[in-house]
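Asks: Data file entry-v4.csv (CSV, C-alpha atoms) is appended below.
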chain,number,residue,atom,x,y,z
Z,162,MET,CA,19.6,129.2,25.9
Z,163,ASN,CA,17.4,126.3,24.6
Z,164,ARG,CA,14.2,125.0,26.2
Z,165,LEU,CA,15.9,122.2,28.2
Z,166,ASP,CA,18.4,124.7,29.6
Z,167,ALA,CA,15.6,127.0,30.6
Z,168,LYS,CA,13.8,124.1,32.5
Z,169,ALA,CA,17.0,123.1,34.2
Z,170,TRP,CA,17.7,126.7,35.4
Z,171,TYR,CA,14.1,127.1,36.6
Z,172,TYR,CA,14.3,124.0,38.9
Z,173,ARG,CA,17.8,124.9,40.0
Z,174,ASP,CA,16.7,128.4,40.9
Z,175,ILE,CA,13.9,127.0,43.0
Z,176,PHE,CA,15.6,124.1,44.8
Z,177,ALA,CA,19.3,124.7,44.9
Z,178,ARG,CA,19.0,126.7,48.1
Z,179,GLU,CA,17.2,124.0,50.2
Z,180,GLU,CA,18.9,123.4,53.5
Z,181,GLY,CA,21.2,120.4,53.6
Z,182,LEU,CA,21.3,120.0,49.8
Z,183,VAL,CA,23.6,117.3,48.5
Z,184,GLY,CA,22.5,117.1,44.9
Z,185,LEU,CA,19.8,118.0,42.4
Z,186,LEU,CA,18.7,115.9,39.4
Z,187,LEU,CA,16.2,116.5,36.6
Z,188,VAL,CA,14.7,113.5,34.8
Z,189,ASP,CA,12.5,114.1,31.7
Z,190,ASP,CA,9.8,111.4,31.1
Z,191,PRO,CA,10.9,109.4,34.2
Z,192,TYR,CA,8.5,106.5,33.4
Z,193,SER,CA,9.4,106.2,29.7
Z,194,GLY,CA,9.8,102.4,30.0
Z,195,ARG,CA,6.4,102.0,31.7
Z,196,PRO,CA,4.2,104.9,30.6
Z,197,LEU,CA,1.1,103.5,32.3
Z,198,MET,CA,2.8,103.4,35.7
Z,199,ASP,CA,2.7,107.1,36.5
Z,200,GLY,CA,1.4,110.3,35.1
Z,201,SER,CA,4.5,112.4,35.7
Z,202,ASP,CA,6.1,114.1,32.7
Z,203,ARG,CA,9.1,115.2,34.7
Z,204,LEU,CA,10.9,114.3,37.9
Z,205,VAL,CA,13.0,116.6,40.1
Z,206,LEU,CA,15.1,114.5,42.5
Z,207,ILE,CA,16.4,116.5,45.5
Z,208,VAL,CA,19.1,114.8,47.5
Z,209,ARG,CA,19.4,116.2,51.0
Z,210,GLU,CA,21.2,115.3,54.2
Z,211,SER,CA,17.8,114.7,55.9
Z,212,VAL,CA,14.2,114.5,54.8
Z,213,SER,CA,11.0,114.4,56.8
Z,214,SER,CA,8.2,112.1,55.7
Z,215,GLU,CA,5.9,115.1,55.1
Z,216,GLU,CA,8.1,116.5,52.3
Z,217,GLU,CA,9.3,113.4,50.6
Z,218,ILE,CA,6.9,113.6,47.6
Z,219,GLU,CA,5.1,116.5,46.0
Z,220,HIS,CA,3.1,116.7,42.7
Z,221,TRP,CA,3.1,120.0,40.7
Z,222,ILE,CA,1.7,121.1,37.4
Z,223,ARG,CA,3.4,123.8,35.3
Z,224,GLU,CA,2.7,124.7,31.7
Z,225,ASP,CA,0.5,121.5,31.3
Z,226,ALA,CA,3.4,119.3,32.5
Z,227,ARG,CA,2.9,117.1,35.6
Z,228,ILE,CA,6.0,117.3,37.8
Z,229,GLN,CA,6.9,114.9,40.6
Z,230,ILE,CA,9.2,116.3,43.3
Z,231,ARG,CA,11.0,113.7,45.3
Z,232,ARG,CA,13.3,114.4,48.3
Z,233,VAL,CA,15.7,111.6,49.3
Z,234,THR,CA,18.8,111.2,51.4
Z,235,PRO,CA,22.1,109.7,50.1
Z,236,GLY,CA,21.3,106.6,52.1
Z,237,MET,CA,18.0,106.1,50.3
Z,238,LEU,CA,19.8,106.4,46.9
Z,239,GLU,CA,22.3,103.8,48.1
Z,240,LYS,CA,19.3,101.4,48.9
Z,241,TRP,CA,17.8,102.0,45.5
Z,242,VAL,CA,20.9,100.7,43.9
Z,243,VAL,CA,21.4,97.7,46.1
Z,244,ASN,CA,17.7,96.8,46.3
Z,245,GLY,CA,17.5,96.7,42.5
Z,246,ASP,CA,14.7,99.2,41.8
Z,247,ARG,CA,15.3,99.4,38.1
Z,248,SER,CA,13.2,102.5,37.3
Z,249,LYS,CA,14.9,104.5,40.1
Z,250,VAL,CA,18.4,103.4,39.1
Z,251,GLN,CA,17.5,104.5,35.6
Z,252,TRP,CA,16.7,108.0,37.0
Z,253,LEU,CA,20.2,108.2,38.5
Z,254,VAL,CA,21.8,107.1,35.2
Z,255,GLN,CA,19.7,109.2,32.8
Z,256,GLY,CA,18.9,112.3,34.8
Z,257,GLU,CA,20.5,115.7,34.2
Z,258,VAL,CA,22.6,116.8,37.2
Z,259,LEU,CA,21.7,120.4,38.1
Z,260,SER,CA,23.7,120.6,41.3
Z,261,ASP,CA,26.3,118.3,42.8
Z,262,GLU,CA,28.8,120.5,44.7
Z,263,SER,CA,29.9,117.6,46.9
Z,264,GLY,CA,30.4,115.2,44.0
Z,265,PHE,CA,28.0,112.6,45.5
Z,266,LEU,CA,25.9,112.1,42.4
Z,267,ASP,CA,28.9,111.9,40.1
Z,268,GLU,CA,30.5,109.3,42.5
Z,269,LEU,CA,27.3,107.3,42.6
Z,270,ARG,CA,27.1,107.2,38.8
Z,271,ARG,CA,30.7,106.2,38.6
Z,272,ARG,CA,30.1,103.3,41.0
Z,273,LEU,CA,27.1,102.2,38.8
Z,274,ASP,CA,29.4,102.1,35.8
Z,275,GLU,CA,32.3,100.4,37.5
Z,276,TRP,CA,30.5,98.0,39.9
Z,277,PRO,CA,32.8,98.0,42.9
Z,278,ALA,CA,33.2,94.7,44.6
Z,279,LEU,CA,31.2,95.5,47.7
Z,280,LEU,CA,28.2,96.9,45.7
Z,281,ARG,CA,28.3,93.8,43.4
Z,282,ASP,CA,28.4,91.4,46.3
Z,283,GLN,CA,25.6,93.2,48.2
Z,284,LYS,CA,23.5,93.1,45.0
Z,285,LEU,CA,24.2,89.4,44.5
Z,286,LEU,CA,23.3,88.5,48.1
Z,287,SER,CA,20.1,90.5,48.0
Z,288,GLU,CA,18.9,89.0,44.7
Z,289,PHE,CA,19.8,85.5,45.9
Z,290,SER,CA,17.8,86.0,49.1
Z,291,ARG,CA,14.8,87.0,47.1
Z,292,PHE,CA,15.4,84.1,44.7
Z,293,ILE,CA,15.5,81.4,47.3
Z,294,VAL,CA,12.5,82.8,49.2
Z,295,SER,CA,10.4,82.8,46.0
Z,296,TYR,CA,11.7,79.3,45.0
Z,297,LEU,CA,10.8,77.8,48.4
Z,298,MET,CA,7.4,79.5,48.4
Z,299,ALA,CA,6.7,78.0,44.9
Z,300,LYS,CA,7.9,74.6,46.0
Z,301,THR,CA,5.6,74.7,49.1
Z,302,ASP,CA,2.7,75.8,46.9
Z,303,SER,CA,3.3,73.0,44.4
Z,304,HIS,CA,3.5,70.4,47.2
Z,305,ASN,CA,0.2,71.7,48.6
Z,306,GLY,CA,-1.5,71.5,45.2
Z,307,GLN,CA,-1.7,75.3,44.8
Z,308,THR,CA,-0.5,75.4,41.2
Z,309,LEU,CA,-1.5,79.0,40.4
Z,310,ASP,CA,0.3,80.3,43.4
Z,311,ALA,CA,3.3,78.1,42.6
Z,312,TYR,CA,3.3,79.5,39.1
Z,313,SER,CA,3.4,83.1,40.4
Z,314,ASN,CA,6.2,82.4,42.8
Z,315,VAL,CA,8.3,80.4,40.4
Z,316,LEU,CA,8.0,83.2,37.9
Z,317,ALA,CA,9.2,85.6,40.5
Z,318,ALA,CA,12.1,83.3,41.3
Z,319,LEU,CA,13.1,83.3,37.6
Z,320,HIS,CA,13.2,87.1,37.6
Z,321,TYR,CA,15.6,87.1,40.6
Z,322,TRP,CA,17.7,84.3,38.9
Z,323,ALA,CA,17.9,86.5,35.8
Z,324,HIS,CA,19.0,89.4,38.0
Z,325,ILE,CA,21.8,87.3,39.5
Z,326,SER,CA,23.0,86.3,36.1
Z,327,LEU,CA,23.2,89.9,35.0
Z,328,VAL,CA,25.0,91.1,38.1
Z,329,GLU,CA,27.5,88.3,37.7
Z,330,GLN,CA,28.4,89.8,34.4
Z,331,GLY,CA,28.6,93.3,35.8
Z,332,MET,CA,25.3,94.5,34.3
Z,333,LEU,CA,22.3,96.2,35.8
Z,334,PRO,CA,18.9,94.7,35.2
Z,335,GLU,CA,17.0,96.9,32.7
Z,336,MET,CA,13.3,97.6,32.6
Z,337,THR,CA,12.8,95.0,29.9
Z,338,VAL,CA,14.7,92.3,31.7
Z,339,TRP,CA,13.6,89.4,29.5
Z,340,GLU,CA,14.7,91.1,26.3
Z,341,GLN,CA,18.0,91.6,28.1
Z,342,MET,CA,18.1,87.9,29.1
Z,343,ARG,CA,17.4,86.8,25.5
Z,344,ARG,CA,20.8,88.3,24.6
Z,345,VAL,CA,22.8,87.7,27.8
Z,346,ASN,CA,21.7,84.2,29.0
Z,347,PRO,CA,19.5,82.3,26.5
Z,348,GLY,CA,19.3,79.3,29.0
Z,349,ILE,CA,17.4,81.3,31.6
Z,350,TYR,CA,15.3,82.9,28.9
Z,351,LYS,CA,14.4,79.5,27.5
Z,352,LEU,CA,13.1,78.5,31.0
Z,353,TYR,CA,11.0,81.7,31.0
Z,354,GLU,CA,9.6,80.7,27.6
Z,355,GLU,CA,8.9,77.1,28.8
Z,356,LEU,CA,7.1,78.4,31.9
Z,357,THR,CA,5.0,81.0,30.1
Z,358,THR,CA,4.3,79.6,26.6
Z,359,SER,CA,4.8,75.8,26.6
Z,360,PRO,CA,1.8,73.7,25.6
Z,361,GLU,CA,2.5,71.4,28.6
Z,362,THR,CA,0.1,71.6,31.6
Z,363,LEU,CA,0.7,74.4,34.1
Z,364,GLU,CA,1.7,71.8,36.7
Z,365,LYS,CA,4.4,70.3,34.5
Z,366,ARG,CA,5.8,73.7,33.5
Z,367,VAL,CA,6.1,74.7,37.2
Z,368,GLN,CA,7.8,71.4,38.0
Z,369,LEU,CA,10.3,71.8,35.2
Z,370,VAL,CA,11.3,75.3,36.4
Z,371,LEU,CA,11.4,74.2,40.0
Z,372,LEU,CA,13.9,71.5,39.2
Z,373,ALA,CA,16.1,74.1,37.4
Z,374,CYS,CA,15.8,76.5,40.3
Z,375,GLU,CA,16.8,73.8,42.8
Z,376,PHE,CA,19.9,73.1,40.8
Z,377,SER,CA,20.7,76.8,40.6
Z,378,VAL,CA,20.2,77.2,44.4
Z,379,LEU,CA,22.9,74.6,44.9
Z,380,THR,CA,25.4,76.0,42.3
Z,381,LYS,CA,24.9,79.7,43.0
Z,382,MET,CA,24.8,79.6,46.8
Z,383,LYS,CA,28.5,80.0,47.6
Z,384,SER,CA,29.2,82.7,45.0
Z,385,SER,CA,26.0,84.7,45.7
Z,386,CYS,CA,26.5,84.5,49.4
Z,387,ALA,CA,30.2,85.4,49.2
Z,388,LEU,CA,29.6,88.7,51.2
Z,389,LEU,CA,27.8,86.9,54.1
Z,390,ILE,CA,30.5,84.2,54.1
Z,391,GLN,CA,33.2,86.9,54.2
Z,392,VAL,CA,31.5,88.6,57.1
Z,393,LEU,CA,31.2,85.3,59.1
Z,394,GLY,CA,34.9,84.7,58.6
Z,395,SER,CA,36.0,88.2,59.4
Z,396,ARG,CA,36.4,87.5,63.2
Z,397,THR,CA,37.0,84.5,65.4
Z,398,GLU,CA,34.0,85.3,67.7
Z,399,PRO,CA,30.8,83.8,66.3
Z,400,TRP,CA,28.0,86.2,65.2
Z,401,SER,CA,24.5,86.6,66.6
Z,402,VAL,CA,21.7,87.3,64.0
Z,403,THR,CA,21.3,90.8,65.5
Z,404,GLU,CA,25.0,91.5,65.1
Z,405,LEU,CA,24.9,90.4,61.5
Z,406,GLN,CA,21.9,92.7,60.9
Z,407,MET,CA,23.8,95.6,62.3
Z,408,GLU,CA,27.1,94.9,60.4
Z,409,PRO,CA,27.7,97.9,58.0
Z,410,ARG,CA,28.2,95.6,55.0
Z,411,LEU,CA,24.8,94.0,55.5
Z,412,ARG,CA,22.7,96.6,57.2
Z,413,GLY,CA,19.7,97.7,55.3
Z,414,LEU,CA,19.9,95.0,52.7
Z,415,PRO,CA,16.6,93.1,51.9
Z,416,LEU,CA,17.7,89.8,53.3
Z,417,ASP,CA,16.0,86.8,55.0
Z,418,LEU,CA,19.1,86.2,57.1
Z,419,SER,CA,17.5,83.3,59.1
Z,420,LEU,CA,16.9,81.4,55.9
Z,421,LEU,CA,20.2,82.2,54.3
Z,422,LEU,CA,22.1,81.1,57.5
Z,423,GLN,CA,20.1,77.9,57.7
Z,424,ARG,CA,21.0,77.1,54.1
Z,425,LEU,CA,24.6,77.9,54.5
Z,426,VAL,CA,24.8,75.7,57.6
Z,427,HIS,CA,23.1,72.9,55.7
Z,428,ARG,CA,25.8,73.1,53.0
Z,429,GLY,CA,28.7,73.3,55.5
Z,430,LEU,CA,29.5,76.9,54.5
Z,431,ALA,CA,28.6,78.1,58.0
Z,432,ARG,CA,28.4,76.6,61.4
Z,433,GLU,CA,25.9,77.0,64.3
Z,434,ILE,CA,27.3,77.3,67.8
Z,435,ALA,CA,24.9,77.1,70.7
Z,436,ARG,CA,25.9,79.3,73.7
Z,437,PRO,CA,24.1,80.2,76.9
Z,438,GLY,CA,22.4,83.6,76.6
Z,439,ARG,CA,22.6,86.1,79.4
Z,440,GLY,CA,19.6,85.9,81.7
Z,441,ARG,CA,17.9,83.2,79.7
Z,442,GLY,CA,18.2,80.4,82.2
Z,443,PRO,CA,20.3,77.2,82.1
Z,444,LEU,CA,18.1,75.5,79.5
Z,445,LYS,CA,18.0,78.3,76.9
Z,446,LEU,CA,20.8,78.6,74.4
Z,447,GLU,CA,21.5,81.2,71.8
Z,448,LEU,CA,22.5,80.2,68.3
Z,449,ARG,CA,25.5,82.0,66.8
Z,450,TYR,CA,27.2,81.6,63.5
Z,451,THR,CA,30.7,81.4,62.2
Z,452,LEU,CA,32.5,80.2,59.0
Z,453,GLY,CA,31.8,76.6,58.1
Z,454,ASP,CA,34.2,73.7,57.3
Z,455,ASP,CA,33.4,73.6,53.6
Z,456,ARG,CA,36.0,75.9,52.0
Z,457,SER,CA,36.0,74.2,48.6
What would the structure in this file look like if it were written as structure tokens?
Replies:
Amino acid sequence: MNRLDAKAWYYRDIFAREEGLVGLLLVDDPYSGRPLMDGSDRLVLIVRESVSSEEEIEHWIREDARIQIRRVTPGMLEKWVVNGDRSKVQWLVQGEVLSDESGFLDELRRRLDEWPALLRDQKLLSEFSRFIVSYLMAKTDSHNGQTLDAYSNVLAALHYWAHISLVEQGMLPEMTVWEQMRRVNPGIYKLYEELTTSPETLEKRVQLVLLACEFSVLTKMKSSCALLIQVLGSRTEPWSVTELQMEPRLRGLPLDLSLLLQRLVHRGLAREIARPGRGRGPLKLELRYTLGDDRS
């Protein structure tokens, strides 16, 4: 038995009998891409049916190795994937499976490899929501003369645009996303270079990227919001915002639904319908949403 096997059996022996265990994963050097971000030499990821806040994270030391113990639920892992936490997704891909009797971890890894349609569409919608929020914040800052804040927000928008581009090609964003973009989409990488290294004034660099982002918002909206558009068209009765938030395909996603719906309505991809709300009085109407007239 080699040293790695001995480590694996040690952690399996300790944690495999925890109540409600779904899976167990061991990750050596979990922050290899960002060594200054955390002092852990090893990560033990314990997937359980339920986890209390008091036991989510523990720090151990054994044989001079710093060990991070994390307990998560299957739902939390699903959110990691959809929300795009690159380091955590890397744990799922690279970790050594010590226990997986239900096959959950194997299935999750297979989904990461194959990118099923729903997961891809959830990821696109989430990244587009972040993209448009960052873009509009940068545009507002620029209009108000807050150039440094506009720079920070437009740089964030570029990151989310890069993520959209990668997801469209069936790829997960890596830790070094701009090295990835240099290979995958030189156009977006060129914008990143223009923003960060161009000799132009900061204000001009920000304006250049804002113009490119504005065009991308227009061209990417329908494809990136395909899941939300699909949900809107899945029934004849218009949706309230609360109903959309509780819809299983959208629930838990990091979305600014109000902003997305507003933009879809503006483009004709969704329609607003005002209806009297219960107990709200004759002058108060509730806005609901359904599929728009622009099907092109």
Asks: Please report the interatomic distance between atom CA of Z:Leu279 and atom CA of Z:Lys381 in Å with one decimal.
Replies: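 About the pair atom CA of Z:Leu279 and atom CA of Z:Lys381: they are 17.6 Å apart.
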Asks: I'd like the neighbourhood of Z:Pro415 as a VMD selection string, where a residue qualifies if any of its atoms comes within 8 Å (using all atoms listed in the file), though same-chain residues fewer than 2 positions away should be ignored.
Replies: chain Z and resid 244 287 290 to 291 413 417
Asks: Could you jot down the atom CA of Z:Glu288 to atom CA of Z:Trp322 separation for me, Å, one decimal place?
Replies: 7.6 Å
Asks: Between Z:Ala318, Z:Leu420, Z:Leu206, Z:Ile390, which has the minimum distance to Z:Leu356 (counting only C-alpha atoms)?
Replies: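 Looking at the shortest contact to Z:Leu356, the residue is Z:Ala318.
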Asks: When you draw a straight line from atom CA of Z:Leu372 to atom CA of Z:Met342, how long is it in Å?
Replies: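 We find that atom CA of Z:Leu372 and atom CA of Z:Met342 lie 19.7 Å from each other.
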Asks: Nearest to Z:Ile293 among Z:Trp400, Z:Trp339, Z:Tyr321, Z:Trp170, with distances taken over all atoms listed in the file: which residue is it?
Replies: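 Among the listed residues, the smallest separation from Z:Ile293 belongs to Z:Tyr321.
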Asks: For Z:Val254, which residue among Z:Arg178, Z:Arg272, Z:Arg227, Z:His324 is the nearest when counting only C-alpha atoms?
Replies: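 Using only C-alpha atoms, the shortest distance to Z:Val254 belongs to Z:Arg272.
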Asks: Determine, using all atoms listed in the file, which residues of stretch 349-422 of chain Z have any atom at most 8 Å from an atom of stretch 426-435 of chain Z, and tabulate each with its shortest atom pair and distance in Å to one decimal place, rows ordered by chain and then rising number, as a Markdown table.
Replies:
| residue | atom | partner | partner_atom | distance |
| --- | --- | --- | --- | --- |
| Z:Lys383 | CA | Z:Leu430 | CA | 7.6 |
| Z:Ile390 | CA | Z:Leu430 | CA | 7.4 |
| Z:Leu393 | CA | Z:Ala431 | CA | 7.7 |
| Z:Pro399 | CA | Z:Ile434 | CA | 7.5 |
| Z:Leu422 | CA | Z:Val426 | CA | 6.0 |
Asks: Hey, which of Z:Leu266, Z:Arg366, Z:Thr451, Z:Glu216 ends up closest to Z:Glu404? Count only C-alpha atoms.
Replies: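 Of Z:Leu266, Z:Arg366, Z:Thr451, Z:Glu216, the one nearest Z:Glu404, counting only C-alpha atoms, is Z:Thr451.
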Asks: List as a short mmCIF file (atom, residue, chain, number, x, y, z; two decimals) with C-alpha atoms, keeping the file's coordinate frame the protein and nucleic acid residues near Z:Val392, meaning an atom at most 12 Å away when all atoms listed in the file are counted, but skip any in the same chain fewer than 2 places from it.
Replies:
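Output (out_27.cif):
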data_model
loop_
_atom_site.label_atom_id
_atom_site.label_comp_id
_atom_site.auth_asym_id
_atom_site.auth_seq_id
_atom_site.Cartn_x
_atom_site.Cartn_y
_atom_site.Cartn_z
CA LEU Z 279 31.20 95.50 47.70
CA ASP Z 282 28.40 91.40 46.30
CA GLN Z 283 25.60 93.20 48.20
CA CYS Z 386 26.50 84.50 49.40
CA ALA Z 387 30.20 85.40 49.20
CA LEU Z 388 29.60 88.70 51.20
CA LEU Z 389 27.80 86.90 54.10
CA ILE Z 390 30.50 84.20 54.10
CA GLY Z 394 34.90 84.70 58.60
CA SER Z 395 36.00 88.20 59.40
CA ARG Z 396 36.40 87.50 63.20
CA THR Z 397 37.00 84.50 65.40
CA GLU Z 398 34.00 85.30 67.70
CA PRO Z 399 30.80 83.80 66.30
CA TRP Z 400 28.00 86.20 65.20
CA SER Z 401 24.50 86.60 66.60
CA GLU Z 404 25.00 91.50 65.10
CA LEU Z 405 24.90 90.40 61.50
CA GLN Z 406 21.90 92.70 60.90
CA MET Z 407 23.80 95.60 62.30
CA GLU Z 408 27.10 94.90 60.40
CA PRO Z 409 27.70 97.90 58.00
CA ARG Z 410 28.20 95.60 55.00
CA LEU Z 411 24.80 94.00 55.50
CA ARG Z 412 22.70 96.60 57.20
CA ALA Z 431 28.60 78.10 58.00
CA TYR Z 450 27.20 81.60 63.50
CA THR Z 451 30.70 81.40 62.20
CA LEU Z 452 32.50 80.20 59.00
#
Asks: Rank nothing, just name the residue among Z:Val258, Z:Val243, Z:Val328, Z:Val233 nearest to Z:Val212, using all atoms listed in the file.
Replies: Z:Val233
Asks: Taking 4 positions as the minimum chain separation for residues in the same chain, which residues sit within 7 Å of Z:Asp261 when counting only C-alpha atoms? Answer as a count of residues only.
Replies: 5
